[in-house]
>>> print(open('run15.tsv').read())   # TSV, C-alpha atoms
chain	number	residue	atom	x	y	z
S	1092	MET	CA	155.00	16.76	-24.73
S	1093	THR	CA	156.29	17.47	-28.22
S	1094	GLU	CA	159.47	15.60	-29.09
S	1095	VAL	CA	161.69	15.54	-32.15
S	1096	THR	CA	164.75	13.33	-32.66
S	1097	VAL	CA	167.95	14.92	-33.96
S	1098	LYS	CA	169.79	12.90	-36.58
S	1099	GLY	CA	172.72	15.13	-37.44
S	1100	ASN	CA	170.75	18.10	-38.79
S	1101	LEU	CA	169.91	20.43	-35.90
S	1102	ASP	CA	168.29	23.09	-38.10
S	1103	GLY	CA	165.91	20.56	-39.64
S	1104	ALA	CA	165.00	19.18	-36.22
S	1105	LEU	CA	164.31	22.71	-34.93
S	1106	LYS	CA	162.09	23.39	-37.94
S	1107	LYS	CA	160.13	20.17	-37.34
S	1108	PHE	CA	159.78	21.02	-33.65
S	1109	LYS	CA	158.38	24.47	-34.45
S	1110	GLN	CA	155.93	22.97	-36.96
S	1111	LYS	CA	154.72	20.39	-34.44
S	1112	CYS	CA	154.28	23.07	-31.76
S	1113	ALA	CA	152.33	25.25	-34.18
S	1114	ARG	CA	150.12	22.32	-35.21
S	1115	ASP	CA	149.44	21.42	-31.56
S	1116	GLY	CA	148.63	25.05	-30.73
S	1117	ILE	CA	151.13	25.31	-27.89
S	1118	LEU	CA	152.31	28.84	-28.68
S	1119	SER	CA	148.83	30.26	-29.21
S	1120	GLU	CA	147.67	28.68	-25.95
S	1121	ALA	CA	150.63	30.19	-24.09
S	1122	LYS	CA	149.87	33.63	-25.55
S	1123	LYS	CA	146.22	33.30	-24.47
S	1124	ARG	CA	147.18	32.36	-20.92
S	1125	LYS	CA	149.80	35.07	-20.53
S	1126	PHE	CA	147.23	37.55	-19.19
S	1127	TYR	CA	143.90	37.01	-17.49
S	1128	ASP	CA	140.85	38.07	-19.47
S	1129	LYS	CA	137.50	38.53	-17.83
S	1130	PRO	CA	134.78	36.16	-19.04
S	1131	GLY	CA	132.77	39.08	-20.45
S	1132	VAL	CA	135.73	40.25	-22.51
S	1133	ILE	CA	136.25	36.74	-23.87
S	1134	ARG	CA	132.56	36.52	-24.86
S	1135	ARG	CA	132.70	39.92	-26.58
S	1136	GLU	CA	135.80	38.97	-28.58
S	1137	GLU	CA	134.25	35.64	-29.52
S	1138	LYS	CA	131.10	37.43	-30.71
S	1139	LYS	CA	133.20	39.84	-32.81
S	1140	LYS	CA	135.11	36.95	-34.37
S	1141	ASN	CA	131.89	35.13	-35.20
S	1142	THR	CA	130.32	38.17	-36.87
S	1143	ILE	CA	133.46	38.77	-38.95
S	1144	ASN	CA	133.53	35.12	-40.02
S	1145	ALA	CA	129.83	35.21	-40.89
S	1146	LYS	CA	130.37	38.29	-43.07
S	1147	LYS	CA	133.27	36.57	-44.84
S	1148	ARG	CA	131.16	33.46	-45.47
S	1149	ASN	CA	128.29	35.55	-46.84
S	1150	ASN	CA	130.61	37.50	-49.13
S	1151	LYS	CA	132.17	34.28	-50.38
S	1152	ARG	CA	128.74	32.75	-51.10
S	1153	ASN	CA	127.57	35.88	-52.90
S	1154	ARG	CA	130.65	35.95	-55.13
S	1155	ASN	CA	130.14	32.34	-56.18
S	1156	ASP	CA	126.50	32.88	-57.18
>>> encode(input="run15.tsv", output="structure tokens")
Amino acid sequence: MTEVTVKGNLDGALKKFKQKCARDGILSEAKKRKFYDKPGVIRREEKKKNTINAKKRNNKRNRND
């Protein structure tokens, strides 16, 4: 459970809470679990992500050479 203590400044505490939630990945996990995805769909999306990241890495390496 993510907790933040409030010491007078509610806006600052809310900002810290949001940062902690983002760092822990709570919101992204909730978005992922909102709808059910079939295992095949998940694999396909993962494969797409990996190919895109590989292309980015190759482009970055080629620019530095």
>>> closest_residue(input="run15.tsv", among="S:Thr1093, S:Asp1102, S:Lys1151, S:Ile1133", to="Asp1115 (chain S)", atoms="all atoms listed in the file")
S:Thr1093
>>> atom_distance(input="run15.tsv", atom1="CA of Arg1134 (chain S)", atom2="CA of Arg1152 (chain S)")
26.8 Å
>>> atom_distance(input="run15.tsv", atom1="CA of Lys1138 (chain S)", atom2="CA of Glu1120 (chain S)")
19.3 Å
>>> atom_distance(input="run15.tsv", atom1="CA of Gln1110 (chain S)", atom2="CA of Val1095 (chain S)")
10.6 Å
>>> axis_aligned_box(input="run15.tsv", around="region 1121-1134 of chain S", padding_each_side="6 Å", output="JSON")
{"center_x": 141.6, "center_y": 35.2, "center_z": -21.5, "size_x": 30.1, "size_y": 22.1, "size_z": 20.1}
>>> closest_residue(input="run15.tsv", among="S:Arg1135, S:Arg1148, S:Thr1142, S:Met1092", to="Ile1117 (chain S)", atoms="all atoms listed in the file")
S:Met1092
>>> build_atoms(input="run15.tsv", residues="region 1129-1143 of chain S", atoms="N, CA and C atoms", output="PDB file, in the coordinates of the input")
ATOM      1  N   LYS S1129     138.769  38.760 -18.485  1.00  0.00           N
ATOM      2  CA  LYS S1129     137.500  38.530 -17.830  1.00  0.00           C
ATOM      3  C   LYS S1129     136.586  37.727 -18.761  1.00  0.00           C
ATOM      4  N   PRO S1130     135.673  36.945 -18.204  1.00  0.00           N
ATOM      5  CA  PRO S1130     134.780  36.160 -19.040  1.00  0.00           C
ATOM      6  C   PRO S1130     133.950  37.009 -20.008  1.00  0.00           C
ATOM      7  N   GLY S1131     133.543  38.196 -19.575  1.00  0.00           N
ATOM      8  CA  GLY S1131     132.770  39.080 -20.450  1.00  0.00           C
ATOM      9  C   GLY S1131     133.577  39.551 -21.645  1.00  0.00           C
ATOM     10  N   VAL S1132     134.850  39.820 -21.427  1.00  0.00           N
ATOM     11  CA  VAL S1132     135.730  40.250 -22.510  1.00  0.00           C
ATOM     12  C   VAL S1132     135.915  39.117 -23.508  1.00  0.00           C
ATOM     13  N   ILE S1133     136.080  37.912 -23.000  1.00  0.00           N
ATOM     14  CA  ILE S1133     136.250  36.740 -23.870  1.00  0.00           C
ATOM     15  C   ILE S1133     134.999  36.554 -24.725  1.00  0.00           C
ATOM     16  N   ARG S1134     133.813  36.674 -24.107  1.00  0.00           N
ATOM     17  CA  ARG S1134     132.560  36.520 -24.860  1.00  0.00           C
ATOM     18  C   ARG S1134     132.431  37.575 -25.941  1.00  0.00           C
ATOM     19  N   ARG S1135     132.788  38.822 -25.603  1.00  0.00           N
ATOM     20  CA  ARG S1135     132.700  39.920 -26.580  1.00  0.00           C
ATOM     21  C   ARG S1135     133.613  39.663 -27.776  1.00  0.00           C
ATOM     22  N   GLU S1136     134.848  39.247 -27.498  1.00  0.00           N
ATOM     23  CA  GLU S1136     135.800  38.970 -28.580  1.00  0.00           C
ATOM     24  C   GLU S1136     135.326  37.812 -29.440  1.00  0.00           C
ATOM     25  N   GLU S1137     134.769  36.795 -28.804  1.00  0.00           N
ATOM     26  CA  GLU S1137     134.250  35.640 -29.520  1.00  0.00           C
ATOM     27  C   GLU S1137     133.091  36.053 -30.440  1.00  0.00           C
ATOM     28  N   LYS S1138     132.233  36.929 -29.918  1.00  0.00           N
ATOM     29  CA  LYS S1138     131.100  37.430 -30.710  1.00  0.00           C
ATOM     30  C   LYS S1138     131.606  38.219 -31.919  1.00  0.00           C
ATOM     31  N   LYS S1139     132.625  39.064 -31.712  1.00  0.00           N
ATOM     32  CA  LYS S1139     133.200  39.840 -32.810  1.00  0.00           C
ATOM     33  C   LYS S1139     133.771  38.910 -33.882  1.00  0.00           C
ATOM     34  N   LYS S1140     134.512  37.900 -33.436  1.00  0.00           N
ATOM     35  CA  LYS S1140     135.110  36.950 -34.370  1.00  0.00           C
ATOM     36  C   LYS S1140     134.029  36.247 -35.188  1.00  0.00           C
ATOM     37  N   ASN S1141     132.964  35.840 -34.507  1.00  0.00           N
ATOM     38  CA  ASN S1141     131.890  35.130 -35.200  1.00  0.00           C
ATOM     39  C   ASN S1141     131.190  36.014 -36.221  1.00  0.00           C
ATOM     40  N   THR S1142     130.967  37.288 -35.902  1.00  0.00           N
ATOM     41  CA  THR S1142     130.320  38.170 -36.870  1.00  0.00           C
ATOM     42  C   THR S1142     131.219  38.414 -38.078  1.00  0.00           C
ATOM     43  N   ILE S1143     132.517  38.564 -37.845  1.00  0.00           N
ATOM     44  CA  ILE S1143     133.460  38.770 -38.950  1.00  0.00           C
ATOM     45  C   ILE S1143     133.478  37.532 -39.852  1.00  0.00           C
TER      46      ILE S1143
END
